[in-house]
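Engineer: My structure file run-v4.pdb, PDB, C-alpha atoms, is below:
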ATOM      1  CA  PRO A   1      84.047 -82.692  58.427  1.00  0.00           C
ATOM      2  CA  GLU A   2      80.365 -83.530  58.049  1.00  0.00           C
ATOM      3  CA  GLU A   3      79.415 -80.008  59.183  1.00  0.00           C
ATOM      4  CA  GLY A   4      81.541 -77.441  61.005  1.00  0.00           C
ATOM      5  CA  VAL A   5      85.295 -77.072  61.437  1.00  0.00           C
ATOM      6  CA  LYS A   6      88.018 -79.695  61.539  1.00  0.00           C
ATOM      7  CA  LYS A   7      91.725 -79.048  62.143  1.00  0.00           C
ATOM      8  CA  ILE A   8      93.859 -81.129  59.786  1.00  0.00           C
ATOM      9  CA  ASP A   9      97.575 -81.959  59.982  1.00  0.00           C
ATOM     10  CA  ILE A  10      99.173 -82.335  56.565  1.00  0.00           C
ATOM     11  CA  GLU A  11     102.389 -84.333  56.469  1.00  0.00           C
ATOM     12  CA  ILE A  12     104.861 -83.381  53.724  1.00  0.00           C
ATOM     13  CA  GLU A  13     107.204 -86.344  53.712  1.00  0.00           C
ATOM     14  CA  THR A  14     109.684 -84.977  51.164  1.00  0.00           C
ATOM     15  CA  LEU A  15     110.330 -81.930  53.384  1.00  0.00           C
ATOM     16  CA  ASN A  16     109.878 -83.760  56.701  1.00  0.00           C
ATOM     17  CA  LYS A  17     107.346 -81.083  57.718  1.00  0.00           C
ATOM     18  CA  SER A  18     103.854 -80.918  59.100  1.00  0.00           C
ATOM     19  CA  LEU A  19     101.374 -78.135  58.332  1.00  0.00           C
ATOM     20  CA  LYS A  20      98.014 -77.399  59.915  1.00  0.00           C
ATOM     21  CA  ILE A  21      94.913 -76.132  58.141  1.00  0.00           C
ATOM     22  CA  PHE A  22      91.236 -75.800  58.969  1.00  0.00           C
ATOM     23  CA  LEU A  23      88.577 -77.437  56.789  1.00  0.00           C
ATOM     24  CA  VAL A  24      85.205 -75.720  57.127  1.00  0.00           C
ATOM     25  CA  LYS A  25      81.959 -77.220  55.827  1.00  0.00           C
ATOM     26  CA  THR A  26      78.825 -75.098  55.975  1.00  0.00           C
ATOM     27  CA  GLU A  27      75.625 -75.390  53.979  1.00  0.00           C
ATOM     28  CA  GLY A  28      77.140 -77.758  51.437  1.00  0.00           C
ATOM     29  CA  SER A  29      80.320 -75.780  50.737  1.00  0.00           C
ATOM     30  CA  LEU A  30      83.844 -76.717  51.772  1.00  0.00           C
ATOM     31  CA  ILE A  31      86.656 -74.212  52.305  1.00  0.00           C
ATOM     32  CA  ALA A  32      90.190 -74.540  53.635  1.00  0.00           C
ATOM     33  CA  LEU A  33      91.643 -71.801  55.818  1.00  0.00           C
ATOM     34  CA  SER A  34      95.158 -71.051  56.913  1.00  0.00           C
ATOM     35  CA  PRO A  35      95.508 -71.044  60.709  1.00  0.00           C
ATOM     36  CA  VAL A  36      97.847 -68.020  60.574  1.00  0.00           C
ATOM     37  CA  CYS A  37      96.426 -64.742  61.913  1.00  0.00           C
ATOM     38  CA  THR A  38      96.813 -61.979  59.335  1.00  0.00           C
ATOM     39  CA  HIS A  39      97.774 -59.459  62.030  1.00  0.00           C
ATOM     40  CA  LEU A  40     101.201 -60.696  63.184  1.00  0.00           C
ATOM     41  CA  GLY A  41     101.300 -64.359  62.177  1.00  0.00           C
ATOM     42  CA  CYS A  42     100.227 -66.119  65.375  1.00  0.00           C
ATOM     43  CA  PHE A  43      98.243 -69.350  65.081  1.00  0.00           C
ATOM     44  CA  VAL A  44      94.500 -69.063  65.621  1.00  0.00           C
ATOM     45  CA  ASN A  45      92.324 -71.635  67.375  1.00  0.00           C
ATOM     46  CA  TYR A  46      88.710 -72.473  66.643  1.00  0.00           C
ATOM     47  CA  ASP A  47      86.263 -71.924  69.503  1.00  0.00           C
ATOM     48  CA  ARG A  48      83.196 -74.138  69.037  1.00  0.00           C
ATOM     49  CA  ASP A  49      81.094 -72.193  71.554  1.00  0.00           C
ATOM     50  CA  SER A  50      81.423 -68.826  69.785  1.00  0.00           C
ATOM     51  CA  MET A  51      81.927 -70.446  66.345  1.00  0.00           C
ATOM     52  CA  GLU A  52      84.920 -68.151  65.785  1.00  0.00           C
ATOM     53  CA  PHE A  53      88.620 -68.453  65.105  1.00  0.00           C
ATOM     54  CA  ILE A  54      90.435 -66.599  67.888  1.00  0.00           C
ATOM     55  CA  CYS A  55      94.025 -65.385  67.947  1.00  0.00           C
ATOM     56  CA  PRO A  56      95.524 -65.819  71.428  1.00  0.00           C
ATOM     57  CA  CYS A  57      98.183 -63.130  70.857  1.00  0.00           C
ATOM     58  CA  HIS A  58      96.207 -59.922  70.309  1.00  0.00           C
ATOM     59  CA  GLY A  59      92.538 -60.943  70.423  1.00  0.00           C
ATOM     60  CA  GLY A  60      91.821 -61.041  66.712  1.00  0.00           C
ATOM     61  CA  ARG A  61      88.569 -62.859  65.924  1.00  0.00           C
ATOM     62  CA  TYR A  62      87.323 -64.322  62.653  1.00  0.00           C
ATOM     63  CA  ASN A  63      83.954 -65.853  61.799  1.00  0.00           C
ATOM     64  CA  ILE A  64      83.542 -69.395  60.456  1.00  0.00           C
ATOM     65  CA  ASN A  65      84.283 -68.123  56.914  1.00  0.00           C
ATOM     66  CA  GLY A  66      87.558 -66.532  58.045  1.00  0.00           C
ATOM     67  CA  GLU A  67      86.278 -62.933  57.878  1.00  0.00           C
ATOM     68  CA  VAL A  68      87.474 -60.477  60.552  1.00  0.00           C
ATOM     69  CA  VAL A  69      84.856 -59.745  63.229  1.00  0.00           C
ATOM     70  CA  ALA A  70      87.011 -58.054  65.914  1.00  0.00           C
ATOM     71  CA  GLY A  71      90.504 -57.056  66.935  1.00  0.00           C
ATOM     72  CA  PRO A  72      93.490 -55.701  65.072  1.00  0.00           C
ATOM     73  CA  PRO A  73      93.544 -57.903  61.909  1.00  0.00           C
ATOM     74  CA  LYS A  74      92.635 -55.975  58.750  1.00  0.00           C
ATOM     75  CA  GLU A  75      92.536 -58.985  56.415  1.00  0.00           C
ATOM     76  CA  PRO A  76      90.568 -62.266  56.575  1.00  0.00           C
ATOM     77  CA  LEU A  77      92.269 -65.615  57.108  1.00  0.00           C
ATOM     78  CA  HIS A  78      93.832 -66.814  53.869  1.00  0.00           C
ATOM     79  CA  ARG A  79      91.719 -69.268  51.900  1.00  0.00           C
ATOM     80  CA  LEU A  80      93.487 -72.185  50.312  1.00  0.00           C
ATOM     81  CA  PRO A  81      92.335 -73.712  47.031  1.00  0.00           C
ATOM     82  CA  VAL A  82      90.207 -76.853  47.461  1.00  0.00           C
ATOM     83  CA  LYS A  83      89.328 -79.517  44.932  1.00  0.00           C
ATOM     84  CA  ILE A  84      87.223 -82.624  45.549  1.00  0.00           C
ATOM     85  CA  GLU A  85      87.905 -85.499  43.198  1.00  0.00           C
ATOM     86  CA  ASN A  86      86.997 -89.192  43.560  1.00  0.00           C
ATOM     87  CA  LYS A  87      85.784 -88.604  47.130  1.00  0.00           C
ATOM     88  CA  LYS A  88      89.167 -87.134  48.122  1.00  0.00           C
ATOM     89  CA  VAL A  89      89.825 -83.549  49.202  1.00  0.00           C
ATOM     90  CA  TYR A  90      92.872 -81.851  47.715  1.00  0.00           C
ATOM     91  CA  VAL A  91      94.130 -78.623  49.277  1.00  0.00           C
ATOM     92  CA  GLY A  92      96.654 -76.363  47.576  1.00  0.00           C
ATOM     93  CA  ILE A  93      99.417 -75.207  49.883  1.00  0.00           C
ATOM     94  CA  LYS A  94     102.552 -73.193  49.274  1.00  0.00           C
ATOM     95  CA  ILE A  95     105.714 -74.845  50.579  1.00  0.00           C
TER      96      ILE A  95
END
Can the structure in the file be given as C-alpha cells, please?
Structural biologist:
Amino acid sequence: PEEGVKKIDIEIETLNKSLKIFLVKTEGSLIALSPVCTHLGCFVNYDRDSMEFICPCHGGRYNINGEVVAGPPKEPLHRLPVKIENKKVYVGIKI
C-alpha cells in the first residue's frame, strides 16, 4: 500500500492453499501482520474509520501496529518477516 493497510491474499500453489495477511505502511516503514487474533484464533478485520484491527468474536482491538488496545487478547498480532528486494515485497510465512 502507498500508506495505510492492505489485505493481501497469498496463493501457495504447491499446497493448493490461500493465506491472508495485512501489509501496513506508516511513516516510511512496512510491516506484515497475521490476521489471526491472539486470543482464540478468530480472523480480525481492519476498520478504516477507527484505524484498528477488530476481532468480531470477542471484541479484541489492535492498533495499526498490531498492539492490543482493548479486549481479551494479551498478545499483539504476530508480525511476519518482511524483505524488500528489487521493488518486490517478500513476506515470510510458516506453512
Engineer: Identify all residues satisfying the PyMOL selection byres ((chain A and resi 67-75) around 9) in the given file; provide them as an MDAnalysis selection string.
Structural biologist: chainID A and resid 37:40 52 58:66 76:78
Engineer: Provide the atom CA of A:Ser50 to atom CA of A:Glu27 distance in Å, to one decimal place.
Structural biologist: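 Going from atom CA of A:Ser50 over to atom CA of A:Glu27 covers 18.1 Å.
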Engineer: What would the list of residues within 6 Å of (86.1, -77.1, 46.4) (file frame) look like as a list of chain:residue names, if all atoms listed in the file are what count?
Structural biologist: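 Residues satisfying the cut-off, written out: A:Leu30, A:Val82, A:Lys83, A:Ile84.
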Engineer: What is the atom CA of A:Leu19-atom CA of A:Lys94 distance in Å, reported with one decimal?
Structural biologist: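 Going from atom CA of A:Leu19 over to atom CA of A:Lys94, I get 10.4 Å.
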Engineer: With a distance cut-off of 8 Å and only C-alpha atoms, select the neighbouring residues of A:Ile8, excluding the residue or stretch itself and same-chain residues fewer than 4 positions from it, and output the selection as a PyMOL selection string.
Structural biologist: chain A and resi 20-23
Engineer: With the PyMOL selection byres ((chain A and resi 2) around 9) as the selection, what would be picked from this file? Answer as an MDAnalysis selection string, please.
Structural biologist: chainID A and resid 1 3:5 25:26
Engineer: May I have the residues from that selection written out with C-alpha atoms, as a PDB file, in the coordinates of the input?
Structural biologist:
ATOM      1  CA  PRO A   1      84.047 -82.692  58.427  1.00  0.00           C
ATOM      2  CA  GLU A   3      79.415 -80.008  59.183  1.00  0.00           C
ATOM      3  CA  GLY A   4      81.541 -77.441  61.005  1.00  0.00           C
ATOM      4  CA  VAL A   5      85.295 -77.072  61.437  1.00  0.00           C
ATOM      5  CA  LYS A  25      81.959 -77.220  55.827  1.00  0.00           C
ATOM      6  CA  THR A  26      78.825 -75.098  55.975  1.00  0.00           C
TER       7      THR A  26
END
Engineer: Selected by the PyMOL selection byres ((chain A and resi 56) around 8) in the shown coordinates: which residues, as a ChimeraX atom specification?
Structural biologist: /A:42-45,54-55,57-60
Engineer: Got time to write the residues from that selection, C-alpha atoms, as a PDB file, keeping the file's coordinate frame?
Structural biologist:
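Output file part08.pdb follows:
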ATOM      1  CA  CYS A  42     100.227 -66.119  65.375  1.00  0.00           C
ATOM      2  CA  PHE A  43      98.243 -69.350  65.081  1.00  0.00           C
ATOM      3  CA  VAL A  44      94.500 -69.063  65.621  1.00  0.00           C
ATOM      4  CA  ASN A  45      92.324 -71.635  67.375  1.00  0.00           C
ATOM      5  CA  ILE A  54      90.435 -66.599  67.888  1.00  0.00           C
ATOM      6  CA  CYS A  55      94.025 -65.385  67.947  1.00  0.00           C
ATOM      7  CA  CYS A  57      98.183 -63.130  70.857  1.00  0.00           C
ATOM      8  CA  HIS A  58      96.207 -59.922  70.309  1.00  0.00           C
ATOM      9  CA  GLY A  59      92.538 -60.943  70.423  1.00  0.00           C
ATOM     10  CA  GLY A  60      91.821 -61.041  66.712  1.00  0.00           C
TER      11      GLY A  60
END
Engineer: Could you tell me how far atom CA of A:Val36 sits from atom CA of A:Lys88, in Å to one decimal place?
Structural biologist: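 Atom-to-atom, atom CA of A:Lys88 and atom CA of A:Val36 are spaced 24.4 Å apart.
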Engineer: With only C-alpha atoms as the basis for distance, which of A:Leu15, A:Val24, A:Ile93, A:Ile10 is at the shortest distance from A:Leu80?
Structural biologist: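 Going through A:Leu15, A:Val24, A:Ile93, A:Ile10 one by one, the smallest distance to A:Leu80 is for A:Ile93.
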Engineer: Given 5 Å on each side, where is the centre and what are the edge lengths in Å to one decimal of the axis-aligned box enclosing the listed atoms of stretch 48-52 of chain A, as JSON?
Structural biologist:
{"center_x": 83.0, "center_y": -71.1, "center_z": 68.7, "size_x": 13.8, "size_y": 16.0, "size_z": 15.8}
Engineer: Taking all atoms listed in the file into account, name the residue in A:Gly28, A:Ser34, A:Arg48, A:Phe53 that is nearest to A:Gly92.
Structural biologist: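 Closest residue, counting all atoms listed in the file: A:Ser34.
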Engineer: Counting only C-alpha atoms, which residue out of A:Glu11, A:Leu33, A:Lys17, A:Lys87 sits closest to A:Tyr46?
Structural biologist: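 Checking each of A:Glu11, A:Leu33, A:Lys17, A:Lys87 against A:Tyr46, counting only C-alpha atoms, the winner is A:Leu33.
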